[in-house]
$ cat coords05.txt   # compact mmCIF, C-alpha atoms
# COMPACT_ATOMS: atom_id res chain seq x y z
CA MET A 28 60.80 61.54 -64.80
CA THR A 29 59.02 64.03 -66.98
CA PHE A 30 56.50 66.65 -66.01
CA PRO A 31 53.57 67.92 -68.02
CA GLU A 32 54.45 70.66 -70.44
CA VAL A 33 52.39 73.79 -70.61
CA LEU A 34 49.93 73.18 -73.40
CA GLY A 35 48.70 75.81 -75.78
CA PRO A 36 44.99 76.60 -75.98
CA LEU A 37 43.02 73.49 -76.78
CA GLU A 38 46.05 71.58 -77.95
CA ASN A 39 46.37 67.98 -76.95
CA ILE A 40 43.45 68.00 -74.60
CA ASP A 41 43.36 64.24 -74.79
CA VAL A 42 46.75 64.05 -73.13
CA LEU A 43 46.08 66.12 -70.05
CA THR A 44 48.48 64.41 -67.75
CA VAL A 45 47.71 64.00 -64.09
CA ARG A 46 50.75 63.57 -61.87
CA ASN A 47 50.95 63.06 -58.13
CA LEU A 48 53.26 64.97 -55.81
CA TYR A 49 53.61 62.00 -53.47
CA ARG A 50 54.57 59.49 -56.13
CA ASP A 51 57.61 59.06 -58.38
CA ILE A 52 59.85 59.42 -55.36
CA PRO A 53 63.32 58.03 -56.01
CA ALA A 54 64.32 54.93 -54.05
CA ASP A 55 67.71 56.51 -53.48
CA LEU A 56 67.90 60.11 -52.42
CA PRO A 57 71.49 60.83 -51.47
CA LEU A 58 70.87 64.57 -51.85
CA GLU A 59 67.72 66.62 -51.60
CA SER A 60 65.83 66.65 -54.89
CA PHE A 61 64.60 69.81 -56.63
CA GLU A 62 62.32 69.22 -59.62
CA ALA A 63 60.72 71.90 -61.75
CA LEU A 64 56.98 71.41 -62.16
CA LEU A 65 56.27 74.62 -64.04
CA GLN A 66 58.38 77.58 -65.07
CA THR A 67 57.93 80.89 -66.86
CA GLY A 68 60.06 84.03 -66.95
CA ALA A 69 58.25 85.17 -63.82
CA PHE A 70 58.35 82.14 -61.56
CA ARG A 71 59.56 78.63 -61.01
CA LEU A 72 57.38 76.09 -59.21
CA GLU A 73 59.24 73.11 -57.85
CA ARG A 74 58.84 70.00 -55.77
CA ILE A 75 61.49 69.46 -53.15
CA LEU A 76 62.10 66.06 -51.55
CA SER A 77 64.07 65.65 -48.35
CA ARG A 78 64.86 62.43 -46.52
CA GLY A 79 66.31 63.42 -43.19
CA HIS A 80 68.52 65.92 -45.00
CA ALA A 81 69.78 69.05 -43.31
CA ALA A 82 71.84 71.96 -44.53
CA PRO A 83 75.59 71.60 -43.98
CA LYS A 84 76.88 73.49 -40.97
CA ASP A 85 77.05 77.26 -41.54
CA GLU A 86 75.56 76.98 -45.05
CA TRP A 87 72.72 79.41 -45.74
CA TYR A 88 70.34 80.00 -48.58
CA ASP A 89 70.56 83.58 -49.82
CA GLN A 90 68.21 83.85 -52.80
CA ASP A 91 67.73 86.67 -55.28
CA ARG A 92 63.99 86.13 -55.44
CA PRO A 93 61.35 85.65 -52.78
CA GLU A 94 60.12 82.12 -52.20
CA TRP A 95 56.70 80.95 -51.17
CA VAL A 96 57.12 77.53 -49.59
CA LEU A 97 54.62 74.91 -48.44
CA LEU A 98 55.44 71.73 -46.53
CA LEU A 99 53.06 68.94 -47.54
CA GLN A 100 54.39 65.76 -45.98
CA GLY A 101 56.91 65.06 -43.22
CA SER A 102 58.25 67.89 -41.09
CA ALA A 103 61.18 70.27 -40.92
CA GLY A 104 62.98 72.81 -38.79
CA LEU A 105 63.72 76.09 -40.54
CA ARG A 106 66.20 78.60 -39.18
CA ILE A 107 66.18 82.28 -40.09
CA GLU A 108 69.51 84.01 -39.62
CA GLY A 109 69.56 86.06 -36.46
CA GLN A 110 66.64 84.24 -34.89
CA THR A 111 67.24 81.79 -32.10
CA LYS A 112 63.95 79.97 -32.38
CA LEU A 113 63.49 77.41 -35.14
CA ILE A 114 60.32 77.47 -37.21
CA HIS A 115 58.83 73.98 -36.96
CA LEU A 116 56.92 73.19 -40.15
CA GLN A 117 54.22 70.53 -40.35
CA PRO A 118 51.99 69.41 -43.22
CA GLY A 119 50.00 72.31 -44.63
CA ASP A 120 52.29 75.00 -43.22
CA PHE A 121 53.39 77.70 -45.64
CA LEU A 122 55.21 81.00 -45.52
CA THR A 123 56.93 83.54 -47.73
CA LEU A 124 60.68 84.00 -47.45
CA PRO A 125 61.74 87.43 -48.70
CA ALA A 126 64.63 87.68 -51.16
CA HIS A 127 67.99 87.64 -49.41
CA LEU A 128 66.54 86.53 -46.13
CA ARG A 129 69.23 84.07 -45.12
CA HIS A 130 67.75 80.80 -43.97
CA ARG A 131 68.59 77.12 -43.66
CA VAL A 132 66.87 73.83 -43.03
CA GLU A 133 68.22 72.52 -39.74
CA TRP A 134 66.52 69.16 -39.96
CA THR A 135 63.88 67.21 -41.85
CA ASP A 136 61.87 64.23 -40.68
CA PRO A 137 64.13 61.16 -40.27
CA GLU A 138 61.16 58.77 -40.39
CA CYS A 139 59.50 59.69 -43.68
CA ASP A 140 60.13 61.69 -46.83
CA THR A 141 59.44 65.37 -46.53
CA VAL A 142 57.65 66.81 -49.57
CA TRP A 143 57.69 70.55 -50.22
CA LEU A 144 56.23 72.80 -52.87
CA ALA A 145 58.24 75.96 -53.54
CA LEU A 146 57.37 78.93 -55.72
CA HIS A 147 60.30 81.22 -56.53
CA TYR A 148 58.99 84.39 -58.14
CA GLU A 149 59.67 87.87 -59.38
CA PRO A 150 57.98 90.21 -56.92
CA MET B 26 41.24 86.05 -42.57
CA THR B 27 44.40 87.73 -43.70
CA PHE B 28 47.33 86.23 -45.57
CA PRO B 29 50.98 87.15 -45.29
CA GLU B 30 51.99 90.04 -47.43
CA VAL B 31 55.04 89.79 -49.62
CA LEU B 32 57.79 91.34 -47.56
CA GLY B 33 60.61 93.38 -48.95
CA PRO B 34 64.18 92.25 -48.45
CA LEU B 35 64.98 91.81 -44.78
CA GLU B 36 61.95 93.75 -43.65
CA ASN B 37 60.02 92.45 -40.72
CA ILE B 38 61.88 89.21 -40.44
CA ASP B 39 60.56 88.85 -36.93
CA VAL B 40 57.02 88.58 -38.24
CA LEU B 41 57.44 85.79 -40.76
CA THR B 42 53.98 84.39 -40.56
CA VAL B 43 53.36 80.69 -40.92
CA ARG B 44 49.87 79.77 -42.05
CA ASN B 45 48.34 76.37 -42.66
CA LEU B 46 46.35 75.41 -45.73
CA TYR B 47 44.18 73.01 -43.75
CA ARG B 48 43.21 75.46 -41.05
CA ASP B 49 41.09 78.61 -40.98
CA ILE B 50 38.36 76.77 -42.83
CA PRO B 51 35.00 78.51 -42.44
CA ALA B 52 32.34 76.69 -40.45
CA ASP B 53 29.81 77.69 -43.09
CA LEU B 54 30.70 77.28 -46.70
CA PRO B 55 27.56 77.89 -48.74
CA LEU B 56 29.65 78.50 -51.84
CA GLU B 57 33.11 77.35 -52.82
CA SER B 58 35.78 79.61 -51.38
CA PHE B 59 38.60 81.18 -53.42
CA GLU B 60 41.28 82.93 -51.39
CA ALA B 61 44.35 84.64 -52.76
CA LEU B 62 47.54 83.50 -51.06
CA LEU B 63 49.99 85.39 -53.25
CA GLN B 64 49.60 87.55 -56.32
CA THR B 65 51.83 89.47 -58.72
CA GLY B 66 51.20 90.80 -62.23
CA ALA B 67 52.25 87.41 -63.56
CA PHE B 68 50.30 84.97 -61.43
CA ARG B 69 47.74 84.44 -58.74
CA LEU B 70 48.09 81.61 -56.24
CA GLU B 71 44.90 80.68 -54.46
CA ARG B 72 43.42 78.20 -52.06
CA ILE B 73 40.09 76.75 -53.08
CA LEU B 74 37.77 75.06 -50.60
CA SER B 75 34.90 72.83 -51.69
CA ARG B 76 32.41 71.04 -49.47
CA GLY B 77 30.50 68.69 -51.71
CA HIS B 78 30.11 71.53 -54.20
CA ALA B 79 29.70 70.91 -57.90
CA ALA B 80 29.40 73.22 -60.86
CA PRO B 81 25.84 74.12 -61.83
CA LYS B 82 24.52 72.12 -64.75
CA ASP B 83 26.00 73.23 -68.08
CA GLU B 84 28.25 75.79 -66.43
CA TRP B 85 31.88 75.66 -67.60
CA TYR B 86 35.05 77.43 -66.65
CA ASP B 87 36.60 79.16 -69.65
CA GLN B 88 39.67 80.99 -68.38
CA ASP B 89 41.93 83.48 -70.14
CA ARG B 90 45.03 82.11 -68.45
CA PRO B 91 46.32 78.59 -67.91
CA GLU B 92 45.86 77.11 -64.47
CA TRP B 93 48.06 74.67 -62.62
CA VAL B 94 45.89 72.94 -60.05
CA LEU B 95 46.71 70.57 -57.20
CA LEU B 96 44.19 68.69 -55.06
CA LEU B 97 45.49 68.32 -51.51
CA GLN B 98 42.63 66.97 -49.42
CA GLY B 99 39.32 65.33 -50.30
CA SER B 100 38.58 64.29 -53.87
CA ALA B 101 36.89 65.59 -56.99
CA GLY B 102 35.66 64.68 -60.44
CA LEU B 103 36.81 67.02 -63.19
CA ARG B 104 35.20 67.09 -66.60
CA ILE B 105 36.92 68.40 -69.73
CA GLU B 106 34.54 69.50 -72.44
CA GLY B 107 34.31 66.91 -75.18
CA GLN B 108 35.67 64.10 -73.04
CA THR B 109 33.34 61.45 -71.73
CA LYS B 110 35.60 60.19 -68.98
CA LEU B 111 35.86 62.18 -65.76
CA ILE B 112 39.28 62.86 -64.28
CA HIS B 113 39.16 61.57 -60.71
CA LEU B 114 41.49 63.64 -58.55
CA GLN B 115 42.87 62.42 -55.24
CA PRO B 116 45.29 64.03 -52.76
CA GLY B 117 48.56 64.96 -54.41
CA ASP B 118 47.16 64.91 -57.95
CA PHE B 119 48.00 67.92 -60.11
CA LEU B 120 47.64 68.96 -63.72
CA THR B 121 47.81 71.99 -65.97
CA LEU B 122 44.62 73.25 -67.62
CA PRO B 123 45.42 75.26 -70.76
CA ALA B 124 43.75 78.65 -71.21
CA HIS B 125 40.26 78.35 -72.68
CA LEU B 126 40.10 74.64 -72.10
CA ARG B 127 36.50 74.42 -70.95
CA HIS B 128 36.19 72.34 -67.80
CA ARG B 129 33.93 71.87 -64.81
CA VAL B 130 33.97 70.19 -61.42
CA GLU B 131 31.28 67.52 -61.54
CA TRP B 132 31.53 66.60 -57.88
CA THR B 133 33.66 67.05 -54.78
CA ASP B 134 33.88 64.80 -51.76
CA PRO B 135 30.64 64.89 -49.78
CA GLU B 136 32.31 63.52 -46.63
CA CYS B 137 35.14 66.01 -46.08
CA ASP B 138 36.34 69.40 -47.26
CA THR B 139 38.26 69.36 -50.49
CA VAL B 140 41.31 71.64 -50.42
CA TRP B 141 42.91 72.77 -53.68
CA LEU B 142 45.85 74.93 -54.59
CA ALA B 143 45.52 76.76 -57.91
CA LEU B 144 48.10 78.82 -59.76
CA HIS B 145 46.70 81.00 -62.55
CA TYR B 146 49.55 82.42 -64.60
CA GLU B 147 50.69 84.27 -67.65
CA PRO B 148 52.29 81.71 -69.93

$ encode --input "coords05.txt" --output "structure tokens"
Amino acid sequence: MTFPEVLGPLENIDVLTVRNLYRDIPADLPLESFEALLQTGAFRLERILSRGHAAPKDEWYDQDRPEWVLLLQGSAGLRIEGQTKLIHLQPGDFLTLPAHLRHRVEWTDPECDTVWLALHYEP
Amino acid sequence: MTFPEVLGPLENIDVLTVRNLYRDIPADLPLESFEALLQTGAFRLERILSRGHAAPKDEWYDQDRPEWVLLLQGSAGLRIEGQTKLIHLQPGDFLTLPAHLRHRVEWTDPECDTVWLALHYEP
């Protein structure tokens, strides 16, 4: 699967490629999938696919950069370290996770693929 | 309407705000709406709302920075200058518009609000 490259000004305007976030989903998804859609020195935009996946017990994300994340399809339960209440994300929900805010995905929808858009960026 | 500020590391983790892209849509939308969700010196992420809006005749976007754009709800017809065929965008469709590629939105869905996510960035 390839994604559109960033085109220079007025180059290749006849090959403007339209992709769809909800297509090109692998039949097999043994692990969550993280695919770069666009990247510069200042950010990385990625599509994340989950299929009932959850973080292993006691495993936390601890990221050097903040992350803006949007859930687009499916649903998920997000845990922030030190908080007892899960954040239940549904389609359209988005939030910003500060750098080094330890968090984990406790569950994702077992019935359908969960599609996320994540923007990791230099603040 | 306010959007979550970028939080510093571990600050205010009890106020992680979850917003929803499909809510907080104005009852009146005389013009298209452009709302910043997140901005740094290197990019600006925005939500665009259209309600049957179209670009005025002969008016083109000619932007200094490339734009990655994703249509999430509704539909739209995008015209690239010099191309006869419209690009018909449906939910999940995304593409990158190079800087200074002149383009215009010929139509948006007259039946429902069209919700876009746009990322303008330094290449």

$ closest_atom_pairs --input "coords05.txt" --of "chain B" --to "chain A" --cutoff "6 Å" --atoms "only C-alpha atoms" --output "Markdown table"
| residue | atom | partner | partner_atom | distance |
| --- | --- | --- | --- | --- |
| B:Leu32 | CA | A:Pro125 | CA | 5.7 |
| B:Pro34 | CA | A:Ala126 | CA | 5.3 |
| B:Leu35 | CA | A:Leu128 | CA | 5.7 |
| B:Val43 | CA | A:Leu122 | CA | 5.0 |
| B:Arg44 | CA | A:Phe121 | CA | 5.4 |
| B:Asn45 | CA | A:Asp120 | CA | 4.2 |
| B:Leu46 | CA | A:Gly119 | CA | 4.9 |
| B:Tyr47 | CA | A:Gly119 | CA | 5.9 |
| B:Gly117 | CA | A:Asn47 | CA | 4.8 |
| B:Asp118 | CA | A:Asn47 | CA | 4.2 |
| B:Phe119 | CA | A:Arg46 | CA | 5.4 |
| B:Leu120 | CA | A:Val45 | CA | 5.0 |
| B:Pro123 | CA | A:Pro36 | CA | 5.4 |
| B:Ala124 | CA | A:Pro36 | CA | 5.3 |
| B:Leu126 | CA | A:Leu37 | CA | 5.6 |

$ atom_distance --input "coords05.txt" --atom1 "atom CA of A:Gly79" --atom2 "atom CA of B:Asp49"
29.5 Å

$ residues_around --input "coords05.txt" --residues "B:Trp85" --least-positions-apart "5" --cutoff "8 Å" --atoms "all atoms listed in the file" --output "list of chain:residue names"
B:Ala80, B:Arg127, B:His128, B:Arg129

$ residues_around --input "coords05.txt" --residues "B:Leu111" --least-positions-apart "3" --cutoff "7 Å" --atoms "only C-alpha atoms" --output "PyMOL selection string"
chain B and resi 102-104

$ atom_distance --input "coords05.txt" --atom1 "atom CA of B:Ala101" --atom2 "atom CA of A:Thr141"
24.9 Å

$ residues_around --input "coords05.txt" --residues "B:Pro135" --least-positions-apart "6" --cutoff "9 Å" --atoms "only C-alpha atoms" --output "PyMOL selection string"
chain B and resi 76-78+99-100

$ write_last_selection --input "coords05.txt" --atoms "C-alpha atoms" --output "short mmCIF file (atom, residue, chain, number, x, y, z; two decimals), in the coordinates of the input"
data_model
loop_
_atom_site.label_atom_id
_atom_site.label_comp_id
_atom_site.auth_asym_id
_atom_site.auth_seq_id
_atom_site.Cartn_x
_atom_site.Cartn_y
_atom_site.Cartn_z
CA ARG B 76 32.41 71.04 -49.47
CA GLY B 77 30.50 68.69 -51.71
CA HIS B 78 30.11 71.53 -54.20
CA GLY B 99 39.32 65.33 -50.30
CA SER B 100 38.58 64.29 -53.87
#

$ atom_distance --input "coords05.txt" --atom1 "atom CA of B:Pro81" --atom2 "atom CA of B:Thr133"
12.7 Å
